[in-house]
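J.: So here's target.cif (mmCIF, C-alpha atoms).
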```cif
data_protein
#
loop_
_atom_site.label_atom_id
_atom_site.label_comp_id
_atom_site.auth_asym_id
_atom_site.auth_seq_id
_atom_site.Cartn_x
_atom_site.Cartn_y
_atom_site.Cartn_z
CA MET S 1 -143.97 7.13 -70.15
CA THR S 2 -146.77 9.18 -68.68
CA MET S 3 -146.09 12.89 -68.24
CA THR S 4 -149.09 14.83 -66.98
CA ALA S 5 -150.23 18.16 -68.37
CA PHE S 6 -149.13 19.81 -65.12
CA GLN S 7 -145.61 18.41 -65.44
CA SER S 8 -145.41 19.39 -69.11
CA GLU S 9 -146.50 22.92 -68.30
CA GLY S 10 -143.91 23.14 -65.53
CA LEU S 11 -141.10 22.35 -67.96
CA HIS S 12 -142.58 24.66 -70.58
CA LEU S 13 -142.44 27.51 -68.06
CA LEU S 14 -138.71 26.79 -67.70
CA GLY S 15 -138.33 27.43 -71.42
CA TYR S 16 -138.40 23.96 -72.97
CA THR S 17 -140.32 22.81 -76.03
CA LYS S 18 -142.75 19.90 -75.95
CA ARG S 19 -140.15 17.51 -77.36
CA GLU S 20 -137.43 18.74 -75.01
CA SER S 21 -139.79 18.48 -72.05
CA ALA S 22 -140.68 14.87 -72.86
CA PHE S 23 -137.00 13.96 -73.02
CA LEU S 24 -136.16 15.76 -69.77
CA PHE S 25 -139.04 14.00 -68.03
CA CYS S 26 -137.70 10.63 -69.20
CA VAL S 27 -134.13 11.45 -68.15
CA ALA S 28 -135.13 12.74 -64.72
CA THR S 29 -137.41 9.79 -64.03
CA HIS S 30 -135.18 6.95 -65.19
CA SER S 31 -131.60 8.16 -65.24
CA GLY S 32 -130.45 11.67 -64.37
CA TYR S 33 -127.66 11.26 -66.94
CA PHE S 34 -127.74 11.27 -70.74
CA THR S 35 -125.64 11.63 -73.87
CA ASN S 36 -126.20 13.87 -76.83
CA HIS S 37 -126.76 10.80 -78.98
CA GLN S 38 -129.58 9.65 -76.68
CA PHE S 39 -131.34 12.98 -77.18
CA LYS S 40 -130.94 12.68 -80.95
CA SER S 41 -132.35 9.16 -80.85
CA PHE S 42 -135.34 10.29 -78.76
CA ALA S 43 -135.99 13.38 -80.90
CA ARG S 44 -135.44 11.42 -84.11
CA THR S 45 -133.34 14.19 -85.54
CA GLU S 46 -130.06 14.35 -87.43
CA SER S 47 -129.80 18.11 -86.93
CA GLY S 48 -126.74 19.24 -85.04
CA SER S 49 -128.30 22.67 -84.55
CA VAL S 50 -131.35 21.17 -82.79
CA CYS S 51 -129.12 19.29 -80.36
CA HIS S 52 -126.86 22.30 -79.94
CA ALA S 53 -129.79 24.55 -79.03
CA PHE S 54 -131.14 22.06 -76.49
CA ILE S 55 -127.82 21.43 -74.75
CA ARG S 56 -126.91 25.13 -74.76
CA LYS S 57 -130.27 25.93 -73.17
CA LEU S 58 -129.66 23.41 -70.38
CA LEU S 59 -126.15 24.68 -69.69
CA ASP S 60 -127.00 28.38 -69.86
CA ARG S 61 -129.87 27.93 -67.40
CA LYS S 62 -127.58 25.85 -65.14
CA HIS S 63 -130.06 22.99 -65.24
CA ALA S 64 -127.38 20.51 -66.32
CA ALA S 65 -123.61 20.08 -66.33
CA TYR S 66 -121.33 17.74 -68.20
CA HIS S 67 -118.19 15.69 -67.69
CA THR S 68 -115.77 14.92 -70.51
CA TYR S 69 -114.17 11.49 -70.22
CA SER S 70 -110.76 10.37 -71.48
CA SER S 71 -112.31 9.17 -74.74
CA GLY S 72 -113.49 12.70 -75.41
CA GLY S 73 -117.15 11.76 -74.96
CA ARG S 74 -119.47 13.86 -72.81
CA VAL S 75 -122.11 12.72 -70.34
CA TYR S 76 -124.63 15.33 -69.24
CA HIS S 77 -126.07 15.41 -65.73
CA LEU S 78 -129.53 16.85 -65.16
CA PHE S 79 -129.19 18.17 -61.61
CA ALA S 80 -131.24 21.38 -61.18
CA ARG S 81 -133.84 21.21 -58.43
CA LYS S 82 -136.13 23.47 -60.48
CA VAL S 83 -136.41 20.86 -63.22
CA TYR S 84 -137.20 18.04 -60.79
CA GLN S 85 -139.68 20.20 -58.89
CA ALA S 86 -141.47 21.00 -62.17
CA ILE S 87 -142.16 17.30 -62.73
CA GLU S 88 -142.75 16.42 -59.06
CA ARG S 89 -139.55 14.38 -58.79
CA GLU S 90 -137.46 16.61 -56.51
CA ASN S 91 -136.55 13.80 -54.07
CA LEU S 92 -134.83 11.58 -56.62
CA ARG S 93 -131.19 10.76 -55.87
CA THR S 94 -130.31 11.20 -59.53
CA ARG S 95 -129.89 14.95 -58.89
CA LYS S 96 -126.74 14.19 -56.89
CA LYS S 97 -123.29 13.47 -58.30
CA HIS S 98 -122.38 9.79 -58.54
CA GLU S 99 -119.50 7.46 -59.25
CA LEU S 100 -118.80 6.24 -62.78
CA GLU S 101 -120.38 2.81 -62.22
CA TYR S 102 -123.68 4.42 -61.22
CA VAL S 103 -123.55 6.78 -64.22
CA LYS S 104 -123.02 3.88 -66.62
CA THR S 105 -125.88 1.92 -65.05
CA ARG S 106 -128.27 4.84 -65.45
CA LEU S 107 -127.22 5.33 -69.08
CA VAL S 108 -128.00 1.68 -69.85
CA ALA S 109 -131.36 2.00 -68.08
CA LEU S 110 -132.14 5.07 -70.19
CA ASP S 111 -131.10 3.21 -73.36
CA PHE S 112 -133.62 0.51 -72.49
CA VAL S 113 -136.46 2.95 -71.81
CA LEU S 114 -135.77 4.95 -74.97
CA GLU S 115 -135.76 1.76 -77.05
CA ASN S 116 -138.98 0.52 -75.41
CA PRO S 117 -141.31 3.53 -75.08
CA GLN S 118 -144.38 1.31 -75.56
CA HIS S 119 -144.28 0.00 -72.00
CA ARG S 120 -146.27 1.51 -69.15
CA TYR S 121 -143.55 1.92 -66.56
CA LEU S 122 -144.03 2.07 -62.82
CA GLU S 123 -141.94 5.21 -62.50
CA THR S 124 -141.73 6.26 -58.85
CA GLU S 125 -141.36 4.58 -55.48
CA ALA S 126 -144.88 5.67 -54.49
CA GLU S 127 -146.36 4.34 -57.72
CA LYS S 128 -144.65 0.97 -57.30
CA VAL S 129 -145.66 0.55 -53.66
CA ALA S 130 -149.27 1.51 -54.42
CA PHE S 131 -149.42 -0.88 -57.37
CA PHE S 132 -148.26 -3.91 -55.41
CA GLU S 133 -150.37 -3.12 -52.35
CA ASN S 134 -153.58 -2.18 -54.13
CA GLU S 135 -153.56 -4.23 -57.33
CA CYS S 136 -151.50 -7.26 -56.31
CA ASN S 137 -152.66 -7.44 -52.66
CA VAL S 138 -149.03 -7.68 -51.55
CA THR S 139 -148.10 -6.58 -48.06
CA ARG S 140 -145.41 -3.93 -47.74
CA ASP S 141 -143.11 -6.20 -45.71
CA THR S 142 -142.52 -8.35 -48.81
CA LEU S 143 -141.18 -5.42 -50.88
CA PRO S 144 -137.43 -4.80 -51.30
CA VAL S 145 -136.53 -2.09 -48.79
CA LYS S 146 -133.52 -0.20 -47.50
CA MET S 147 -133.47 1.78 -44.25
CA TYR S 148 -131.96 5.27 -44.17
CA ARG S 149 -131.03 7.05 -40.94
CA ALA S 150 -131.23 10.85 -40.82
CA ARG S 151 -127.91 12.60 -40.21
CA LYS S 152 -129.20 14.98 -37.55
CA SER S 153 -131.61 12.64 -35.77
CA ALA S 154 -132.21 9.00 -34.96
CA GLU S 155 -135.16 8.84 -37.34
CA VAL S 156 -135.05 5.90 -39.74
CA THR S 157 -136.90 6.05 -43.07
CA PRO S 158 -137.72 2.99 -45.20
CA ARG S 159 -137.19 3.41 -48.94
CA TYR S 160 -138.51 0.86 -51.42
CA PHE S 161 -137.09 -0.16 -54.80
CA VAL S 162 -134.02 2.03 -54.30
CA ASP S 163 -132.24 0.54 -57.33
CA ARG S 164 -134.84 2.23 -59.58
CA PHE S 165 -134.42 -0.26 -62.40
CA PRO S 166 -137.14 -0.02 -65.08
CA MET S 167 -140.30 -1.93 -64.18
CA PHE S 168 -143.48 -2.31 -66.20
CA VAL S 169 -146.73 -4.26 -66.37
CA ASN S 170 -148.28 -6.15 -69.26
CA ARG S 171 -152.03 -5.99 -68.68
CA VAL S 172 -153.00 -7.75 -71.90
CA SER S 173 -152.55 -11.22 -70.41
CA SER S 174 -154.64 -12.55 -67.55
CA PRO S 175 -153.37 -12.49 -64.90
CA PHE S 176 -151.16 -9.55 -65.82
CA VAL S 177 -147.39 -9.99 -65.90
CA VAL S 178 -145.01 -7.76 -63.97
CA THR S 179 -141.59 -7.35 -65.60
CA PHE S 180 -138.66 -6.54 -63.33
CA THR S 181 -135.27 -5.64 -64.73
CA TYR S 182 -131.72 -5.78 -63.46
CA VAL S 183 -129.28 -3.43 -65.19
CA ASP S 184 -125.64 -4.51 -65.38
CA ALA S 185 -123.41 -1.89 -67.01
CA GLY S 186 -120.38 -4.20 -67.17
CA ALA S 187 -119.86 -5.87 -63.80
CA VAL S 188 -116.96 -8.28 -63.34
CA ALA S 189 -118.98 -10.66 -61.16
CA LEU S 190 -122.60 -11.31 -60.14
CA ASP S 191 -122.47 -10.25 -56.49
CA GLY S 192 -124.77 -7.29 -57.07
CA PHE S 193 -127.24 -9.42 -59.00
CA VAL S 194 -127.39 -12.04 -56.25
CA THR S 195 -127.99 -9.34 -53.63
CA HIS S 196 -130.78 -7.92 -55.79
CA LEU S 197 -132.43 -11.34 -56.16
CA ARG S 198 -132.40 -11.93 -52.43
CA ALA S 199 -133.94 -8.52 -51.78
CA CYS S 200 -136.81 -9.31 -54.19
CA LEU S 201 -137.54 -12.90 -53.12
CA GLY S 202 -140.48 -12.02 -50.91
CA LEU S 203 -142.14 -10.07 -53.70
CA PHE S 204 -141.47 -12.81 -56.27
CA ARG S 205 -143.19 -15.35 -54.02
CA ALA S 206 -146.25 -13.15 -53.69
CA LEU S 207 -146.93 -12.74 -57.42
CA PRO S 208 -148.78 -15.22 -59.66
CA ARG S 209 -146.89 -14.23 -62.84
CA TRP S 210 -143.71 -12.25 -63.28
CA GLU S 211 -140.48 -12.10 -65.24
CA LEU S 212 -136.99 -10.80 -64.63
CA MET S 213 -134.96 -9.32 -67.47
CA TYR S 214 -131.18 -9.15 -67.09
CA ILE S 215 -129.95 -6.19 -69.16
CA ALA S 216 -126.27 -5.74 -70.03
CA PRO S 217 -124.14 -4.31 -72.86
CA THR S 218 -122.69 -7.78 -73.57
CA ALA S 219 -123.87 -11.37 -73.12
CA ARG S 220 -120.77 -12.36 -71.14
CA LEU S 221 -122.57 -13.12 -67.84
CA PHE S 222 -125.95 -14.21 -69.20
CA GLN S 223 -125.49 -17.94 -68.64
CA ALA S 224 -124.03 -17.48 -65.17
CA ALA S 225 -126.83 -15.06 -64.27
CA GLY S 226 -129.43 -17.63 -65.29
CA SER S 227 -127.75 -20.22 -63.06
CA GLU S 228 -127.68 -17.83 -60.08
CA PHE S 229 -131.32 -16.95 -60.71
CA GLN S 230 -132.41 -20.57 -60.35
CA HIS S 231 -130.19 -21.18 -57.33
CA VAL S 232 -131.18 -18.08 -55.37
CA VAL S 233 -134.86 -18.00 -56.28
CA TYR S 234 -135.51 -21.74 -55.91
CA GLY S 235 -132.74 -22.65 -53.47
CA ARG S 236 -132.13 -26.13 -54.84
CA ARG S 237 -128.45 -26.82 -54.69
CA GLY S 238 -127.91 -30.24 -53.12
CA GLN S 239 -130.97 -30.27 -50.85
CA THR S 240 -134.70 -30.42 -51.41
CA GLN S 241 -136.78 -27.44 -50.39
CA SER S 242 -138.48 -29.25 -47.50
CA THR S 243 -135.27 -30.65 -46.05
CA ASP S 244 -133.65 -27.25 -46.41
CA ILE S 245 -136.39 -25.46 -44.49
CA LEU S 246 -136.08 -27.86 -41.56
CA GLU S 247 -132.38 -27.08 -41.34
CA TYR S 248 -133.25 -23.40 -41.45
CA PHE S 249 -135.70 -23.82 -38.56
CA ARG S 250 -133.09 -25.67 -36.47
CA VAL S 251 -130.40 -23.04 -37.03
CA ARG S 252 -132.85 -20.20 -36.49
CA LYS S 253 -134.03 -21.68 -33.21
CA ALA S 254 -130.45 -22.01 -31.97
CA TRP S 255 -129.71 -18.44 -33.01
CA ASP S 256 -132.87 -17.07 -31.39
CA SER S 257 -131.97 -18.96 -28.19
CA LYS S 258 -128.50 -17.34 -28.25
CA GLU S 259 -126.79 -20.70 -28.52
CA ARG S 260 -123.40 -21.04 -30.16
CA VAL S 261 -123.81 -21.31 -33.93
CA ALA S 262 -121.05 -22.35 -36.34
CA SER S 263 -119.88 -19.73 -38.84
CA ALA S 264 -121.03 -21.88 -41.76
CA ASP S 265 -124.50 -22.06 -40.19
CA VAL S 266 -124.55 -18.28 -39.79
CA VAL S 267 -123.95 -17.92 -43.53
CA PHE S 268 -126.68 -20.49 -44.23
CA LEU S 269 -129.06 -18.65 -41.86
CA LYS S 270 -128.61 -15.36 -43.72
CA GLU S 271 -129.24 -17.00 -47.08
CA ALA S 272 -132.30 -18.86 -45.74
CA GLN S 273 -133.76 -15.72 -44.17
CA ALA S 274 -133.62 -14.05 -47.59
CA ARG S 275 -135.20 -17.09 -49.23
CA TYR S 276 -138.00 -17.84 -46.74
CA VAL S 277 -139.68 -14.44 -46.52
CA GLY S 278 -143.26 -13.78 -45.49
CA LYS S 279 -145.96 -14.53 -42.97
CA LYS S 280 -146.47 -18.15 -44.07
CA PHE S 281 -142.91 -19.15 -43.20
CA ASP S 282 -143.01 -17.28 -39.89
CA GLU S 283 -146.17 -19.15 -38.95
CA LEU S 284 -144.63 -22.49 -39.94
CA TYR S 285 -141.57 -21.74 -37.84
CA GLU S 286 -143.64 -20.83 -34.77
CA LYS S 287 -145.66 -24.03 -35.01
CA TRP S 288 -142.49 -26.09 -35.33
CA ARG S 289 -140.70 -24.22 -32.51
CA GLN S 290 -143.62 -24.65 -30.11
CA GLY S 291 -143.93 -28.35 -30.93
CA ILE S 292 -147.42 -27.92 -32.38
CA ALA S 293 -146.32 -29.62 -35.60
CA VAL S 294 -143.71 -32.29 -36.27
CA ASP S 295 -141.08 -32.36 -39.03
CA SER S 296 -143.30 -34.20 -41.49
CA ASP S 297 -145.95 -31.48 -41.13
CA MET S 298 -143.32 -28.83 -41.78
CA MET S 299 -142.07 -30.61 -44.89
CA ARG S 300 -145.60 -30.83 -46.25
CA GLY S 301 -146.35 -27.21 -45.32
CA ALA S 302 -143.13 -26.02 -46.93
CA GLY S 303 -144.07 -27.74 -50.17
CA GLU S 304 -147.42 -25.95 -50.16
CA SER S 305 -146.01 -22.56 -49.21
CA SER S 306 -142.71 -22.29 -51.03
CA GLY S 307 -143.78 -22.44 -54.66
CA LEU S 308 -143.43 -19.33 -56.75
CA GLY S 309 -145.79 -18.28 -59.44
CA SER S 310 -144.89 -18.71 -63.07
CA GLY S 311 -141.65 -16.81 -63.69
CA LEU S 312 -139.50 -16.15 -66.72
CA PHE S 313 -135.82 -15.22 -66.75
CA ARG S 314 -134.79 -13.31 -69.86
CA THR S 315 -131.69 -11.54 -71.06
CA LEU S 316 -131.23 -8.49 -73.26
CA VAL S 317 -128.15 -6.90 -74.82
CA CYS S 318 -128.59 -3.15 -74.39
CA GLY S 319 -126.33 -0.19 -73.66
CA HIS S 320 -125.04 1.27 -76.88
CA SER S 321 -124.48 4.64 -75.21
CA LEU S 322 -121.55 3.21 -73.23
CA ARG S 323 -119.40 3.30 -76.36
CA ILE S 324 -118.55 6.94 -75.63
CA PHE S 325 -116.31 5.77 -72.78
CA SER S 326 -114.00 3.76 -75.03
CA ASP S 327 -114.71 4.12 -78.75
CA PRO S 328 -113.08 7.19 -80.36
CA ARG S 329 -115.58 6.96 -83.23
CA ALA S 330 -118.35 7.64 -80.74
CA ASN S 331 -116.94 11.01 -79.72
CA GLY S 332 -118.61 12.62 -82.69
CA ALA S 333 -121.96 11.59 -81.24
CA GLU S 334 -121.34 14.21 -78.55
CA SER S 335 -120.20 16.99 -80.89
CA TRP S 336 -122.41 19.74 -82.28
CA MET S 337 -121.89 18.86 -85.94
CA ASP S 338 -122.38 15.10 -85.70
CA SER S 339 -124.26 13.54 -88.60
CA ASP S 340 -124.11 10.02 -87.27
CA GLY S 341 -127.69 9.29 -86.26
CA ALA S 342 -128.21 5.73 -87.37
CA GLU S 343 -130.66 3.90 -85.18
CA GLU S 344 -129.11 1.07 -83.21
CA ALA S 345 -130.79 -2.29 -83.54
CA ARG S 346 -131.76 -3.97 -80.33
CA GLN S 347 -130.18 -7.34 -79.71
CA VAL S 348 -132.19 -9.84 -77.73
CA SER S 349 -130.57 -13.00 -76.45
CA ARG S 350 -133.26 -15.58 -76.90
CA HIS S 351 -131.21 -18.72 -76.43
CA ALA S 352 -130.37 -17.74 -72.85
CA SER S 353 -133.99 -17.31 -71.76
CA VAL S 354 -135.40 -19.95 -69.47
CA GLN S 355 -138.97 -20.53 -68.37
CA VAL S 356 -139.22 -21.20 -64.65
CA SER S 357 -142.56 -22.14 -63.17
CA ARG S 358 -144.14 -23.75 -60.16
CA PRO S 359 -143.23 -27.44 -59.92
#
```
Take the structure I supplied and represent it as structure tokens, if you would.
T.:
Amino acid sequence: MTMTAFQSEGLHLLGYTKRESAFLFCVATHSGYFTNHQFKSFARTESGSVCHAFIRKLLDRKHAAYHTYSSGGRVYHLFARKVYQAIERENLRTRKKHELEYVKTRLVALDFVLENPQHRYLETEAEKVAFFENECNVTRDTLPVKMYRARKSAEVTPRYFVDRFPMFVNRVSSPFVVTFTYVDAGAVALDGFVTHLRACLGLFRALPRWELMYIAPTARLFQAAGSEFQHVVYGRRGQTQSTDILEYFRVRKAWDSKERVASADVVFLKEAQARYVGKKFDELYEKWRQGIAVDSDMMRGAGESSGLGSGLFRTLVCGHSLRIFSDPRANGAESWMDSDGAEEARQVSRHASVQVSRP
């Protein structure tokens, strides 16, 4: 975490100590929501009075509010514009109120960041876009993007990396390794994960080395997530890559020509468009469509263009803060006089990790 002197001074002027400011910066940047126990873990304190003073300060200044859930546990929401302005983060959506699923996801993300402070995180949208464009020579059209239309005008604004999952870079190795994460706070199925993979495919293809870490409070979906990772990223379920791309070209040509396309082919087309992202595939398609190259040329070109760099899929059990939603014993972690400050041990699922690299 990298808080500048300017940002630290801004929070100090709002009345917060150095330790409190560092925690608020972390919460605002990565979550927007936090529990009392997370502050105690960050501050490495067992003192109820220290936590009491910090929370009371936030509430009295109307910089944060809290919601008490049926378990009796509290989750605090850092919402004040003044706080986000002080650290140059005033446009973050975390200031707004959100549904429970979003709150849980942000708490798990904060758990991960607090347990791994050694990483150099890419913290903002601007920082991430600049890193991939300037240091990885990746074009912006390969980045995961979502378009937002203004309410009072027809203006459309692209926003990148809107999920805001933790992302960091290991510069020790050469070439450096970019670590992406996907945070699952207890999903029933993997629909959201599959959508996330498809949104990131273009970027994955553009990087020489990368890894994706699936973070969840339990290991229930780890094996299934690994299977979906290989299917979506490599697209090898029943067909070879080169045969698959020819089918994609045929369906795409029919669609572009406004011919009738079967519903099953429409589904295939959407999946293929997410898989074959980037200038190389567009150029291959144009050559094939214009008859400049035959099928055998396309199959050979697809083999040369479709490989991804060396990638690693990993899993991590993380999200101890979620216990406040169900475990009565965790309620004390949100009370002023709590003495329960034992550090939680991180649990890493090693057996579920799989190395995936260019064939």
J.: Hey, what comes out of the PyMOL selection byres ((chain S and resi 83) around 9) on this file? Could you write it as number ranges by chain?
T.: S: 10-11, 14, 24-25, 28, 63, 78-82, 84-90
J.: Kindly give the distance, in Å, that separates CA of His77 in chain S and CA of Leu58 in chain S, rounded to a single decimal.
T.: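 Spanning CA of His77 in chain S to CA of Leu58 in chain S is a straight-line distance of 9.9 Å.
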J.: Any idea what the distance is between CA of Arg120 in chain S and CA of Val27 in chain S?
T.: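 We find that CA of Arg120 in chain S and CA of Val27 in chain S lie 15.7 Å from each other.
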J.: Out of S:Ile245, S:Cys318, S:Ile292, S:Val50, which residue has the shortest atom-to-atom distance to Met213 in chain S when counting all atoms listed in the file?
T.: S:Cys318
J.: Compare S:Leu246, S:Val194, S:Cys200, S:Ala264 by their minimum atom-to-atom distance to Phe229 in chain S, counting all atoms listed in the file, and give me the closest one.
T.: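 Comparing S:Leu246, S:Val194, S:Cys200, S:Ala264 against Phe229 in chain S, the winner is S:Val194.
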J.: Closest to Lys270 in chain S among S:Arg252, S:Gly32, S:Val113, S:Ile55, using only C-alpha atoms?
T.: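 Of all the options, S:Arg252 lies closest to Lys270 in chain S.
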J.: Have a look at S:Phe249, S:Phe23, S:Tyr182, S:Phe204 and name the one nearest to Phe222 in chain S; count only C-alpha atoms.
T.: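 Among the listed residues, S:Tyr182 lies closest to Phe222 in chain S.
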J.: Selected by the PyMOL selection byres ((chain S and resi 272-277) around 9) in the shown coordinates: which residues, as JSON, numbers by chain?
T.: {"S": [141, 142, 198, 199, 200, 201, 202, 203, 205, 232, 233, 234, 235, 244, 245, 248, 252, 267, 268, 269, 270, 271, 278, 279, 280, 281, 282, 306]}
J.: Could you tell me, as a list of chain:residue names, exactly which residues end up selected when the PyMOL selection byres ((chain S and resi 148) around 9) is applied to this structure?
T.: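 Against this file, the PyMOL selection byres ((chain S and resi 148) around 9) returns the residues S:Lys146, S:Met147, S:Arg149, S:Ala150, S:Glu155, S:Val156, S:Thr157, S:Pro158, S:Arg159.
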J.: What gap, in Å, lies between CA of Phe168 in chain S and CA of Tyr16 in chain S?
T.: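 Distance between the two atoms: 27.6 Å.
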J.: Nearest to Phe42 in chain S: which of S:Arg19, S:Arg151, S:His119, S:Lys96 is it, counting only C-alpha atoms?
T.: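 Residue with the minimum atom-to-atom distance to Phe42 in chain S: S:Arg19.
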J.: Might you pull out every residue within 8 Å of Val261 in chain S, with only C-alpha atoms counted and same-chain residues fewer than 6 positions away left off, and present them as a list in words?
T.: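 Listing them by chain and then by number gives Val251, Ala254 and Trp255 of chain S.
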J.: Using 5 Å of padding on each side, determine the axis-aligned box around all atoms of range 171-185 of chain S present in the file and give its centre and edge lengths in Å to one decimal, as lines of an AutoDock Vina configuration file.
T.:
```
center_x = -139.0
center_y = -7.2
center_z = -67.6
size_x = 41.2
size_y = 20.7
size_z = 18.6
```
J.: Could you list, as a ChimeraX atom specification, every residue within 9 Å of Lys104 in chain S, counting only C-alpha atoms and ignoring same-chain residues fewer than 2 positions away?
T.: /S:33,99-102,106-109,184-186,319,321-322
J.: Name the residues in contact with Trp210 in chain S at a cut-off of 10 Å, using only C-alpha atoms, excluding same-chain residues fewer than 2 positions from it; report them as a PyMOL selection string.
T.: chain S and resi 169-170+175-180+203-208+212+308-313+357
J.: Taking the block just given, write range 184-200 of chain S to a file that holds N, CA and C atoms, as a short mmCIF file (atom, residue, chain, number, x, y, z; two decimals), in the first residue's frame.
T.:
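What landed in out.cif:
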```cif
data_model
loop_
_atom_site.label_atom_id
_atom_site.label_comp_id
_atom_site.auth_asym_id
_atom_site.auth_seq_id
_atom_site.Cartn_x
_atom_site.Cartn_y
_atom_site.Cartn_z
N ASP S 184 -14.63 -14.27 -4.33
CA ASP S 184 -15.94 -14.91 -4.20
C ASP S 184 -16.28 -14.95 -2.71
N ALA S 185 -17.33 -14.24 -2.32
CA ALA S 185 -17.68 -14.15 -0.90
C ALA S 185 -18.68 -15.22 -0.49
N GLY S 186 -18.89 -16.23 -1.36
CA GLY S 186 -19.82 -17.30 -1.01
C GLY S 186 -20.87 -17.55 -2.07
N ALA S 187 -20.49 -17.44 -3.34
CA ALA S 187 -21.44 -17.63 -4.43
C ALA S 187 -21.92 -19.08 -4.50
N VAL S 188 -23.15 -19.24 -4.99
CA VAL S 188 -23.72 -20.58 -5.14
C VAL S 188 -23.16 -21.26 -6.39
N ALA S 189 -22.95 -20.48 -7.45
CA ALA S 189 -22.45 -21.01 -8.72
C ALA S 189 -21.32 -20.12 -9.23
N LEU S 190 -20.80 -20.47 -10.40
CA LEU S 190 -19.61 -19.81 -10.94
C LEU S 190 -19.92 -18.86 -12.10
N ASP S 191 -21.18 -18.44 -12.24
CA ASP S 191 -21.54 -17.57 -13.35
C ASP S 191 -20.72 -16.28 -13.35
N GLY S 192 -20.58 -15.67 -12.18
CA GLY S 192 -19.83 -14.43 -12.09
C GLY S 192 -18.37 -14.62 -12.43
N PHE S 193 -17.80 -15.74 -12.03
CA PHE S 193 -16.40 -16.04 -12.32
C PHE S 193 -16.18 -16.22 -13.82
N VAL S 194 -17.09 -16.93 -14.47
CA VAL S 194 -16.98 -17.15 -15.91
C VAL S 194 -17.07 -15.82 -16.66
N THR S 195 -18.00 -14.97 -16.25
CA THR S 195 -18.12 -13.64 -16.87
C THR S 195 -16.84 -12.84 -16.69
N HIS S 196 -16.25 -12.93 -15.52
CA HIS S 196 -15.00 -12.22 -15.24
C HIS S 196 -13.86 -12.73 -16.13
N LEU S 197 -13.76 -14.05 -16.29
CA LEU S 197 -12.73 -14.63 -17.14
C LEU S 197 -12.86 -14.13 -18.57
N ARG S 198 -14.08 -14.14 -19.08
CA ARG S 198 -14.29 -13.72 -20.46
C ARG S 198 -13.93 -12.25 -20.66
N ALA S 199 -14.20 -11.43 -19.64
CA ALA S 199 -13.88 -10.01 -19.75
C ALA S 199 -12.37 -9.78 -19.78
N CYS S 200 -11.60 -10.69 -19.16
CA CYS S 200 -10.15 -10.51 -19.04
C CYS S 200 -9.35 -11.27 -20.10
#
```
